[in-house]
file input-v3.json (JSON, C-alpha atoms)
[["chain", "number", "residue", "atom", "x", "y", "z"],
["A", 1, "MET", "CA", -23.86, 11.91, -64.29],
["A", 2, "LYS", "CA", -22.42, 9.89, -61.39],
["A", 3, "LEU", "CA", -23.60, 10.68, -57.86],
["A", 4, "ASN", "CA", -21.03, 10.55, -55.08],
["A", 5, "LYS", "CA", -22.38, 8.97, -51.93],
["A", 6, "ALA", "CA", -20.91, 10.54, -48.81],
["A", 7, "PHE", "CA", -21.82, 11.59, -45.33],
["A", 8, "THR", "CA", -22.91, 15.13, -44.79],
["A", 9, "LEU", "CA", -20.99, 17.40, -42.47],
["A", 10, "ALA", "CA", -23.88, 17.36, -40.01],
["A", 11, "GLU", "CA", -23.87, 13.54, -39.84],
["A", 12, "VAL", "CA", -20.12, 13.47, -39.18],
["A", 13, "LEU", "CA", -20.37, 16.13, -36.47],
["A", 14, "ILE", "CA", -23.25, 14.32, -34.71],
["A", 15, "THR", "CA", -21.32, 11.03, -34.78],
["A", 16, "LEU", "CA", -18.18, 12.67, -33.36],
["A", 17, "SER", "CA", -20.24, 14.35, -30.66],
["A", 18, "ILE", "CA", -21.75, 11.02, -29.58],
["A", 19, "ILE", "CA", -18.30, 9.38, -29.50],
["A", 20, "GLY", "CA", -16.99, 12.28, -27.39],
["A", 21, "ILE", "CA", -19.84, 12.01, -24.88],
["A", 22, "VAL", "CA", -19.41, 8.24, -24.52],
["A", 23, "ALA", "CA", -15.63, 8.64, -24.08],
["A", 24, "SER", "CA", -16.02, 11.37, -21.43],
["A", 25, "VAL", "CA", -18.37, 9.12, -19.44],
["A", 26, "THR", "CA", -16.30, 5.91, -19.64],
["A", 27, "LEU", "CA", -12.68, 7.15, -19.40],
["A", 28, "PRO", "CA", -12.78, 8.20, -15.72],
["A", 29, "ASN", "CA", -14.03, 4.72, -14.75],
["A", 30, "ILE", "CA", -11.36, 3.03, -16.83],
["A", 31, "THR", "CA", -8.65, 5.25, -15.30],
["A", 32, "ALA", "CA", -9.87, 4.67, -11.73],
["A", 33, "ASN", "CA", -10.04, 0.90, -12.23],
["A", 34, "THR", "CA", -6.54, 0.89, -13.70],
["A", 35, "GLN", "CA", -5.18, 2.83, -10.69],
["A", 36, "LYS", "CA", -6.93, 0.46, -8.23],
["A", 37, "LYS", "CA", -5.52, -2.56, -10.04],
["A", 38, "ALA", "CA", -2.02, -1.09, -10.06],
["A", 39, "LEU", "CA", -2.18, -0.39, -6.31],
["A", 40, "SER", "CA", -3.55, -3.88, -5.67],
["A", 41, "VAL", "CA", -0.67, -5.43, -7.61],
["A", 42, "GLN", "CA", 1.84, -3.24, -5.76],
["A", 43, "LEU", "CA", 0.35, -4.23, -2.38],
["A", 44, "SER", "CA", 0.54, -7.90, -3.33],
["A", 45, "LYS", "CA", 4.14, -7.43, -4.43],
["A", 46, "PHE", "CA", 5.04, -5.72, -1.14],
["A", 47, "THR", "CA", 3.42, -8.45, 0.97],
["A", 48, "ASN", "CA", 5.35, -11.07, -1.03],
["A", 49, "VAL", "CA", 8.62, -9.19, -0.47],
["A", 50, "LEU", "CA", 7.73, -8.82, 3.20],
["A", 51, "SER", "CA", 6.90, -12.50, 3.55],
["A", 52, "GLY", "CA", 10.24, -13.43, 2.00],
["A", 53, "ALA", "CA", 12.12, -11.02, 4.27],
["A", 54, "VAL", "CA", 10.43, -12.41, 7.39],
["A", 55, "GLY", "CA", 11.16, -15.99, 6.32],
["A", 56, "GLN", "CA", 14.82, -15.17, 5.61],
["A", 57, "TYR", "CA", 15.14, -13.35, 8.93],
["A", 58, "MET", "CA", 13.63, -16.22, 10.95],
["A", 59, "THR", "CA", 15.84, -18.76, 9.14],
["A", 60, "GLU", "CA", 18.99, -16.69, 9.57],
["A", 61, "VAL", "CA", 18.37, -16.09, 13.26],
["A", 62, "GLY", "CA", 17.28, -19.73, 13.70],
["A", 63, "ILE", "CA", 13.90, -19.12, 15.32],
["A", 64, "ASP", "CA", 10.37, -20.49, 14.90],
["A", 65, "LYS", "CA", 8.65, -17.53, 16.58],
["A", 66, "LEU", "CA", 9.62, -13.86, 16.42],
["A", 67, "ASP", "CA", 9.79, -13.57, 20.20],
["A", 68, "ASP", "CA", 12.17, -16.57, 20.51],
["A", 69, "ALA", "CA", 15.10, -14.11, 20.32],
["A", 70, "GLU", "CA", 15.62, -10.37, 20.72],
["A", 71, "PHE", "CA", 14.62, -8.69, 17.46],
["A", 72, "ASP", "CA", 17.63, -7.65, 15.36],
["A", 73, "ASP", "CA", 16.75, -4.65, 13.17],
["A", 74, "ASP", "CA", 19.90, -4.89, 11.07],
["A", 75, "LYS", "CA", 19.38, -8.55, 10.18],
["A", 76, "PHE", "CA", 15.71, -7.93, 9.37],
["A", 77, "ILE", "CA", 16.13, -4.83, 7.20],
["A", 78, "LYS", "CA", 19.02, -6.26, 5.15],
["A", 79, "ASN", "CA", 16.47, -8.59, 3.51],
["A", 80, "PHE", "CA", 14.95, -5.66, 1.60],
["A", 81, "LYS", "CA", 16.31, -3.93, -1.52],
["A", 82, "LEU", "CA", 16.37, -0.36, -0.22],
["A", 83, "ILE", "CA", 17.29, 2.79, -2.07],
["A", 84, "SER", "CA", 17.27, 5.00, 1.03],
["A", 85, "ILE", "CA", 16.71, 5.12, 4.75],
["A", 86, "ASN", "CA", 15.26, 8.36, 6.13],
["A", 87, "ASN", "CA", 14.61, 9.64, 9.62],
["A", 88, "GLY", "CA", 11.06, 10.20, 10.82],
["A", 89, "LEU", "CA", 8.16, 10.33, 8.41],
["A", 90, "GLU", "CA", 10.18, 11.62, 5.45],
["A", 91, "GLY", "CA", 8.83, 9.93, 2.33],
["A", 92, "PHE", "CA", 5.26, 9.58, 3.60],
["A", 93, "SER", "CA", 2.61, 12.22, 2.87],
["A", 94, "LYS", "CA", 4.01, 15.74, 2.70],
["A", 95, "ASP", "CA", 1.81, 17.15, 5.45],
["A", 96, "GLY", "CA", 2.04, 14.13, 7.79],
["A", 97, "LYS", "CA", -1.63, 13.26, 7.25],
["A", 98, "VAL", "CA", -3.59, 10.55, 5.46],
["A", 99, "LYS", "CA", -7.26, 10.28, 4.53],
["A", 100, "LEU", "CA", -9.78, 7.84, 5.90],
["A", 101, "SER", "CA", -12.09, 6.27, 3.32],
["A", 102, "ASN", "CA", -14.71, 8.96, 4.12],
["A", 103, "GLY", "CA", -12.22, 11.74, 3.26],
["A", 104, "THR", "CA", -11.42, 12.81, 6.84],
["A", 105, "LEU", "CA", -7.76, 13.75, 7.30],
["A", 106, "VAL", "CA", -5.93, 12.15, 10.24],
["A", 107, "SER", "CA", -2.35, 12.55, 11.42],
["A", 108, "ILE", "CA", 0.15, 9.75, 10.89],
["A", 109, "SER", "CA", 1.10, 8.65, 14.36],
["A", 110, "PRO", "CA", 3.01, 7.35, 16.07],
["A", 111, "ASP", "CA", 6.29, 7.91, 14.27],
["A", 112, "PHE", "CA", 8.15, 4.59, 14.28],
["A", 113, "GLY", "CA", 11.55, 6.17, 13.65],
["A", 114, "LYS", "CA", 13.24, 5.30, 10.38],
["A", 115, "THR", "CA", 11.49, 5.28, 7.01],
["A", 116, "TYR", "CA", 12.65, 2.75, 4.44],
["A", 117, "VAL", "CA", 12.25, 3.41, 0.70],
["A", 118, "LEU", "CA", 12.17, 0.55, -1.81],
["A", 119, "SER", "CA", 13.24, 0.91, -5.45],
["A", 120, "ASP", "CA", 9.60, 0.94, -6.67],
["A", 121, "GLY", "CA", 8.78, 3.99, -4.52],
["A", 122, "THR", "CA", 7.09, 2.08, -1.70],
["A", 123, "VAL", "CA", 7.92, 3.51, 1.72],
["A", 124, "PHE", "CA", 7.44, 1.78, 5.05],
["A", 125, "GLN", "CA", 8.16, 1.94, 8.74],
["A", 126, "TYR", "CA", 7.90, -0.81, 11.32],
["A", 127, "THR", "CA", 7.93, -1.34, 15.05],
["A", 128, "THR", "CA", 8.00, -4.38, 17.31],
["A", 129, "GLU", "CA", 6.07, -2.48, 19.98],
["A", 130, "GLU", "CA", 2.40, -3.36, 20.33],
["A", 131, "GLN", "CA", 0.13, -0.83, 18.61],
["A", 132, "PRO", "CA", -3.40, -0.39, 20.09],
["A", 133, "PHE", "CA", -5.64, 0.57, 17.16],
["A", 134, "GLY", "CA", -8.02, -0.75, 14.53],
["A", 135, "ASP", "CA", -9.03, -4.39, 14.82],
["A", 136, "VAL", "CA", -5.60, -5.60, 15.92],
["A", 137, "LYS", "CA", -5.65, -8.64, 18.16],
["A", 138, "PRO", "CA", -3.18, -8.57, 21.05],
["A", 139, "GLY", "CA", -0.01, -10.56, 20.53],
["A", 140, "TYR", "CA", 3.65, -10.13, 19.75],
["A", 141, "GLY", "CA", 4.61, -9.24, 16.23],
["A", 142, "ILE", "CA", 5.80, -6.51, 13.94],
["A", 143, "THR", "CA", 3.51, -3.66, 12.93],
["A", 144, "ILE", "CA", 4.24, -2.10, 9.54],
["A", 145, "ARG", "CA", 2.94, 1.13, 8.04],
["A", 146, "VAL", "CA", 3.29, 1.17, 4.25],
["A", 147, "ASP", "CA", 2.54, 3.81, 1.64],
["A", 148, "LEU", "CA", 2.60, 2.19, -1.78],
["A", 149, "ASN", "CA", 3.38, 5.35, -3.73],
["A", 150, "GLY", "CA", 5.22, 7.46, -1.18],
["A", 151, "ALA", "CA", 4.29, 11.10, -0.77],
["A", 152, "LYS", "CA", 2.26, 11.12, -4.00],
["A", 153, "GLY", "CA", -1.50, 11.16, -3.44],
["A", 154, "PRO", "CA", -4.09, 10.13, -2.69],
["A", 155, "ASN", "CA", -2.58, 8.81, 0.62],
["A", 156, "THR", "CA", -5.86, 7.17, 1.59],
["A", 157, "ILE", "CA", -6.05, 4.39, 4.15],
["A", 158, "ALA", "CA", -7.03, 1.06, 2.55],
["A", 159, "ARG", "CA", -6.20, 2.38, -0.90],
["A", 160, "ASP", "CA", -2.49, 3.22, -1.12],
["A", 161, "TYR", "CA", -1.74, 3.44, 2.60],
["A", 162, "TRP", "CA", -1.91, 0.29, 4.75],
["A", 163, "TRP", "CA", -1.09, -1.12, 8.16],
["A", 164, "ILE", "CA", 0.23, -4.67, 8.14],
["A", 165, "LYS", "CA", 0.84, -7.04, 11.05],
["A", 166, "ILE", "CA", 3.43, -9.81, 11.06],
["A", 167, "TRP", "CA", 2.38, -12.19, 13.80],
["A", 168, "ASN", "CA", 4.73, -14.04, 16.12],
["A", 169, "ASP", "CA", 4.69, -17.12, 13.86],
["A", 170, "GLY", "CA", 5.60, -15.05, 10.77],
["A", 171, "ALA", "CA", 2.06, -14.93, 9.33],
["A", 172, "ILE", "CA", 1.18, -11.63, 7.62],
["A", 173, "ASP", "CA", -2.22, -9.99, 7.95],
["A", 174, "GLY", "CA", -3.75, -6.64, 7.14],
["A", 175, "ILE", "CA", -4.76, -4.24, 9.87],
["A", 176, "SER", "CA", -7.81, -2.27, 8.92],
["A", 177, "PHE", "CA", -10.14, 0.23, 10.44],
["A", 178, "SER", "CA", -13.13, -1.88, 9.45],
["A", 179, "PRO", "CA", -13.32, -5.65, 8.81],
["A", 180, "ASP", "CA", -14.60, -5.22, 5.24],
["A", 181, "LYS", "CA", -11.32, -3.54, 4.28],
["A", 182, "ARG", "CA", -9.16, -6.62, 4.93],
["A", 183, "PHE", "CA", -6.92, -7.44, 2.02],
["A", 184, "ILE", "CA", -5.40, -10.68, 3.25],
["A", 185, "LYS", "CA", -7.89, -13.44, 3.94],
["A", 186, "LYS", "CA", -6.97, -16.19, 6.37]]

call {"tool": "encode", "arguments": {"input": "input-v3.json", "output": "structure tokens"}}
result
Amino acid sequence: MKLNKAFTLAEVLITLSIIGIVASVTLPNITANTQKKALSVQLSKFTNVLSGAVGQYMTEVGIDKLDDAEFDDDKFIKNFKLISINNGLEGFSKDGKVKLSNGTLVSISPDFGKTYVLSDGTVFQYTTEEQPFGDVKPGYGITIRVDLNGAKGPNTIARDYWWIKIWNDGAIDGISFSPDKRFIKK
């Protein structure tokens, strides 16, 4: 008589249970890391697009410094591939608030006027007026508020919602609410 060697039902169930426990512990970390990486890539992409737009603008206007001529919104914004232009904060978080890294909700202010939406869902606003907040150094430039995934969450500062400064010489830097959150190193 030939004996069939096989796993018992109990052994199979125990093995599946262990696999399930390991998967439930590791999947949230894998998902979170994937989301962080995707946002990081999208931020890098936006800063590259922004850098190109600033360079094209300065070349077209024929200036070495942004304050060498009166800023021309139309010439600047035409350097972006936009799918829509909205008034006010339309396209940013639905309730007009974003989260700080500690979870505290704060209002988006001030409203810079028009909101520009790129084809990848990134929304941004900009102003040439000096903005007194964070660790911004004084000096002429363009201040940009960008939300990498529009009104979708989490709308957290230094995660998917950023402030960016274009300095007078065209250099781009991150504006943060703490120095350890800088994403562009000089």

call {"tool": "closest_residue", "arguments": {"input": "input-v3.json", "among": "A:Val22, A:Ile166, A:Ala158, A:Leu100", "to": "A:Thr127", "atoms": "only C-alpha atoms"}}
result
A:Ile166

call {"tool": "residues_around", "arguments": {"input": "input-v3.json", "residues": "A:Ser93", "least_positions_apart": "3", "cutoff": "8 Å", "atoms": "all atoms listed in the file", "output": "PyMOL selection string"}}
result
chain A and resi 96-98+150-153+155

call {"tool": "write_last_selection", "arguments": {"input": "input-v3.json", "atoms": "C-alpha atoms", "output": "PDB file, keeping the file's coordinate frame"}}
result
ATOM      1  CA  GLY A  96       2.040  14.130   7.790  1.00  0.00           C
ATOM      2  CA  LYS A  97      -1.630  13.260   7.250  1.00  0.00           C
ATOM      3  CA  VAL A  98      -3.590  10.550   5.460  1.00  0.00           C
ATOM      4  CA  GLY A 150       5.220   7.460  -1.180  1.00  0.00           C
ATOM      5  CA  ALA A 151       4.290  11.100  -0.770  1.00  0.00           C
ATOM      6  CA  LYS A 152       2.260  11.120  -4.000  1.00  0.00           C
ATOM      7  CA  GLY A 153      -1.500  11.160  -3.440  1.00  0.00           C
ATOM      8  CA  ASN A 155      -2.580   8.810   0.620  1.00  0.00           C
TER       9      ASN A 155
END

call {"tool": "atom_distance", "arguments": {"input": "input-v3.json", "atom1": "atom CA of A:Lys81", "atom2": "atom CA of A:Asp67"}}
result
24.6 Å

call {"tool": "atom_distance", "arguments": {"input": "input-v3.json", "atom1": "atom CA of A:Asp74", "atom2": "atom CA of A:Asp160"}}
result
26.8 Å

call {"tool": "closest_residue", "arguments": {"input": "input-v3.json", "among": "A:Ala23, A:Ile18, A:Ile77, A:Leu13", "to": "A:Gln56", "atoms": "all atoms listed in the file"}}
result
A:Ile77

call {"tool": "closest_residue", "arguments": {"input": "input-v3.json", "among": "A:Gly170, A:Gly20, A:Val41, A:Ala6", "to": "A:Ile63", "atoms": "all atoms listed in the file"}}
result
A:Gly170

call {"tool": "atom_distance", "arguments": {"input": "input-v3.json", "atom1": "atom CA of A:Ile142", "atom2": "atom CA of A:Thr128"}}
result
4.6 Å

call {"tool": "residues_around", "arguments": {"input": "input-v3.json", "residues": "A:Tyr161", "least_positions_apart": "3", "cutoff": "7 Å", "atoms": "only C-alpha atoms", "output": "short mmCIF file (atom, residue, chain, number, x, y, z; two decimals) with C-alpha atoms, in the coordinates of the input"}}
result
data_model
loop_
_atom_site.label_atom_id
_atom_site.label_comp_id
_atom_site.auth_asym_id
_atom_site.auth_seq_id
_atom_site.Cartn_x
_atom_site.Cartn_y
_atom_site.Cartn_z
CA VAL A 146 3.29 1.17 4.25
CA ASP A 147 2.54 3.81 1.64
CA LEU A 148 2.60 2.19 -1.78
CA ASN A 155 -2.58 8.81 0.62
CA THR A 156 -5.86 7.17 1.59
CA ILE A 157 -6.05 4.39 4.15
CA ALA A 158 -7.03 1.06 2.55
#

call {"tool": "residues_around", "arguments": {"input": "input-v3.json", "residues": "stretch 42-53 of chain A", "least_positions_apart": "6", "cutoff": "7 Å", "atoms": "all atoms listed in the file", "output": "number ranges by chain"}}
result
A: 76, 79-80, 148

call {"tool": "residues_near_point", "arguments": {"input": "input-v3.json", "point": "(17.5, -13.0, 11.8)", "cutoff": "9 Å", "atoms": "only C-alpha atoms", "output": "number ranges by chain"}}
result
A: 54-63, 69, 71-76

call {"tool": "closest_residue", "arguments": {"input": "input-v3.json", "among": "A:Gly113, A:Gly103, A:Asp68, A:Leu39", "to": "A:Gly88", "atoms": "only C-alpha atoms"}}
result
A:Gly113

call {"tool": "closest_residue", "arguments": {"input": "input-v3.json", "among": "A:Asp169, A:Glu90, A:Asp95, A:Asp64", "to": "A:Phe124", "atoms": "only C-alpha atoms"}}
result
A:Glu90

call {"tool": "axis_aligned_box", "arguments": {"input": "input-v3.json", "around": "stretch 156-170 of chain A", "padding_each_side": "5 Å", "output": "AutoDock Vina command-line options"}}
result
--center_x -0.7 --center_y -5.0 --center_z 7.5 --size_x 22.6 --size_y 34.3 --size_z 27.2

call {"tool": "closest_residue", "arguments": {"input": "input-v3.json", "among": "A:Ile19, A:Arg159, A:Ile172, A:Phe7", "to": "A:Gln35", "atoms": "all atoms listed in the file"}}
result
A:Arg159

call {"tool": "build_atoms", "arguments": {"input": "input-v3.json", "residues": "stretch 82-99 of chain A", "atoms": "N, CA, C and O atoms", "output": "PDB file, in the frame of the given file"}}
result
ATOM      1  N   LEU A  82      16.681  -1.747  -0.551  1.00  0.00           N
ATOM      2  CA  LEU A  82      16.370  -0.360  -0.220  1.00  0.00           C
ATOM      3  C   LEU A  82      17.172   0.598  -1.084  1.00  0.00           C
ATOM      4  O   LEU A  82      18.318   0.320  -1.432  1.00  0.00           O
ATOM      5  N   ILE A  83      16.544   1.740  -1.402  1.00  0.00           N
ATOM      6  CA  ILE A  83      17.290   2.790  -2.070  1.00  0.00           C
ATOM      7  C   ILE A  83      17.646   3.915  -1.102  1.00  0.00           C
ATOM      8  O   ILE A  83      18.572   4.666  -1.353  1.00  0.00           O
ATOM      9  N   SER A  84      16.898   4.017   0.015  1.00  0.00           N
ATOM     10  CA  SER A  84      17.270   5.000   1.030  1.00  0.00           C
ATOM     11  C   SER A  84      16.619   4.669   2.359  1.00  0.00           C
ATOM     12  O   SER A  84      15.615   3.961   2.428  1.00  0.00           O
ATOM     13  N   ILE A  85      17.239   5.210   3.392  1.00  0.00           N
ATOM     14  CA  ILE A  85      16.710   5.120   4.750  1.00  0.00           C
ATOM     15  C   ILE A  85      16.644   6.555   5.266  1.00  0.00           C
ATOM     16  O   ILE A  85      17.653   7.263   5.264  1.00  0.00           O
ATOM     17  N   ASN A  86      15.455   6.992   5.664  1.00  0.00           N
ATOM     18  CA  ASN A  86      15.260   8.360   6.130  1.00  0.00           C
ATOM     19  C   ASN A  86      14.876   8.354   7.599  1.00  0.00           C
ATOM     20  O   ASN A  86      14.401   7.353   8.125  1.00  0.00           O
ATOM     21  N   ASN A  87      15.042   9.497   8.240  1.00  0.00           N
ATOM     22  CA  ASN A  87      14.610   9.640   9.620  1.00  0.00           C
ATOM     23  C   ASN A  87      13.187  10.164   9.667  1.00  0.00           C
ATOM     24  O   ASN A  87      12.777  10.961   8.833  1.00  0.00           O
ATOM     25  N   GLY A  88      12.422   9.722  10.651  1.00  0.00           N
ATOM     26  CA  GLY A  88      11.060  10.200  10.820  1.00  0.00           C
ATOM     27  C   GLY A  88      10.147   9.790   9.698  1.00  0.00           C
ATOM     28  O   GLY A  88      10.306   8.737   9.108  1.00  0.00           O
ATOM     29  N   LEU A  89       9.185  10.638   9.402  1.00  0.00           N
ATOM     30  CA  LEU A  89       8.160  10.330   8.410  1.00  0.00           C
ATOM     31  C   LEU A  89       8.515  10.799   7.001  1.00  0.00           C
ATOM     32  O   LEU A  89       7.663  10.819   6.125  1.00  0.00           O
ATOM     33  N   GLU A  90       9.766  11.162   6.765  1.00  0.00           N
ATOM     34  CA  GLU A  90      10.180  11.620   5.450  1.00  0.00           C
ATOM     35  C   GLU A  90       9.912  10.538   4.405  1.00  0.00           C
ATOM     36  O   GLU A  90      10.325   9.402   4.545  1.00  0.00           O
ATOM     37  N   GLY A  91       9.185  10.885   3.371  1.00  0.00           N
ATOM     38  CA  GLY A  91       8.830   9.930   2.330  1.00  0.00           C
ATOM     39  C   GLY A  91       7.347   9.583   2.351  1.00  0.00           C
ATOM     40  O   GLY A  91       6.789   9.162   1.356  1.00  0.00           O
ATOM     41  N   PHE A  92       6.711   9.765   3.520  1.00  0.00           N
ATOM     42  CA  PHE A  92       5.260   9.580   3.600  1.00  0.00           C
ATOM     43  C   PHE A  92       4.606  10.873   3.136  1.00  0.00           C
ATOM     44  O   PHE A  92       5.263  11.735   2.576  1.00  0.00           O
ATOM     45  N   SER A  93       3.312  11.035   3.365  1.00  0.00           N
ATOM     46  CA  SER A  93       2.610  12.220   2.870  1.00  0.00           C
ATOM     47  C   SER A  93       3.302  13.494   3.324  1.00  0.00           C
ATOM     48  O   SER A  93       3.851  13.563   4.416  1.00  0.00           O
ATOM     49  N   LYS A  94       3.265  14.505   2.459  1.00  0.00           N
ATOM     50  CA  LYS A  94       4.010  15.740   2.700  1.00  0.00           C
ATOM     51  C   LYS A  94       3.584  16.472   3.960  1.00  0.00           C
ATOM     52  O   LYS A  94       4.398  17.072   4.638  1.00  0.00           O
ATOM     53  N   ASP A  95       2.306  16.413   4.292  1.00  0.00           N
ATOM     54  CA  ASP A  95       1.810  17.150   5.450  1.00  0.00           C
ATOM     55  C   ASP A  95       1.674  16.280   6.701  1.00  0.00           C
ATOM     56  O   ASP A  95       1.173  16.734   7.721  1.00  0.00           O
ATOM     57  N   GLY A  96       2.120  15.014   6.632  1.00  0.00           N
ATOM     58  CA  GLY A  96       2.040  14.130   7.790  1.00  0.00           C
ATOM     59  C   GLY A  96       0.628  13.630   8.072  1.00  0.00           C
ATOM     60  O   GLY A  96       0.323  13.189   9.169  1.00  0.00           O
ATOM     61  N   LYS A  97      -0.245  13.702   7.066  1.00  0.00           N
ATOM     62  CA  LYS A  97      -1.630  13.260   7.250  1.00  0.00           C
ATOM     63  C   LYS A  97      -2.028  12.299   6.139  1.00  0.00           C
ATOM     64  O   LYS A  97      -1.480  12.346   5.047  1.00  0.00           O
ATOM     65  N   VAL A  98      -2.995  11.435   6.450  1.00  0.00           N
ATOM     66  CA  VAL A  98      -3.590  10.550   5.460  1.00  0.00           C
ATOM     67  C   VAL A  98      -5.107  10.668   5.574  1.00  0.00           C
ATOM     68  O   VAL A  98      -5.626  11.169   6.564  1.00  0.00           O
ATOM     69  N   LYS A  99      -5.798  10.197   4.544  1.00  0.00           N
ATOM     70  CA  LYS A  99      -7.260  10.280   4.530  1.00  0.00           C
ATOM     71  C   LYS A  99      -7.858   8.947   4.943  1.00  0.00           C
ATOM     72  O   LYS A  99      -7.350   7.888   4.569  1.00  0.00           O
TER      73      LYS A  99
END
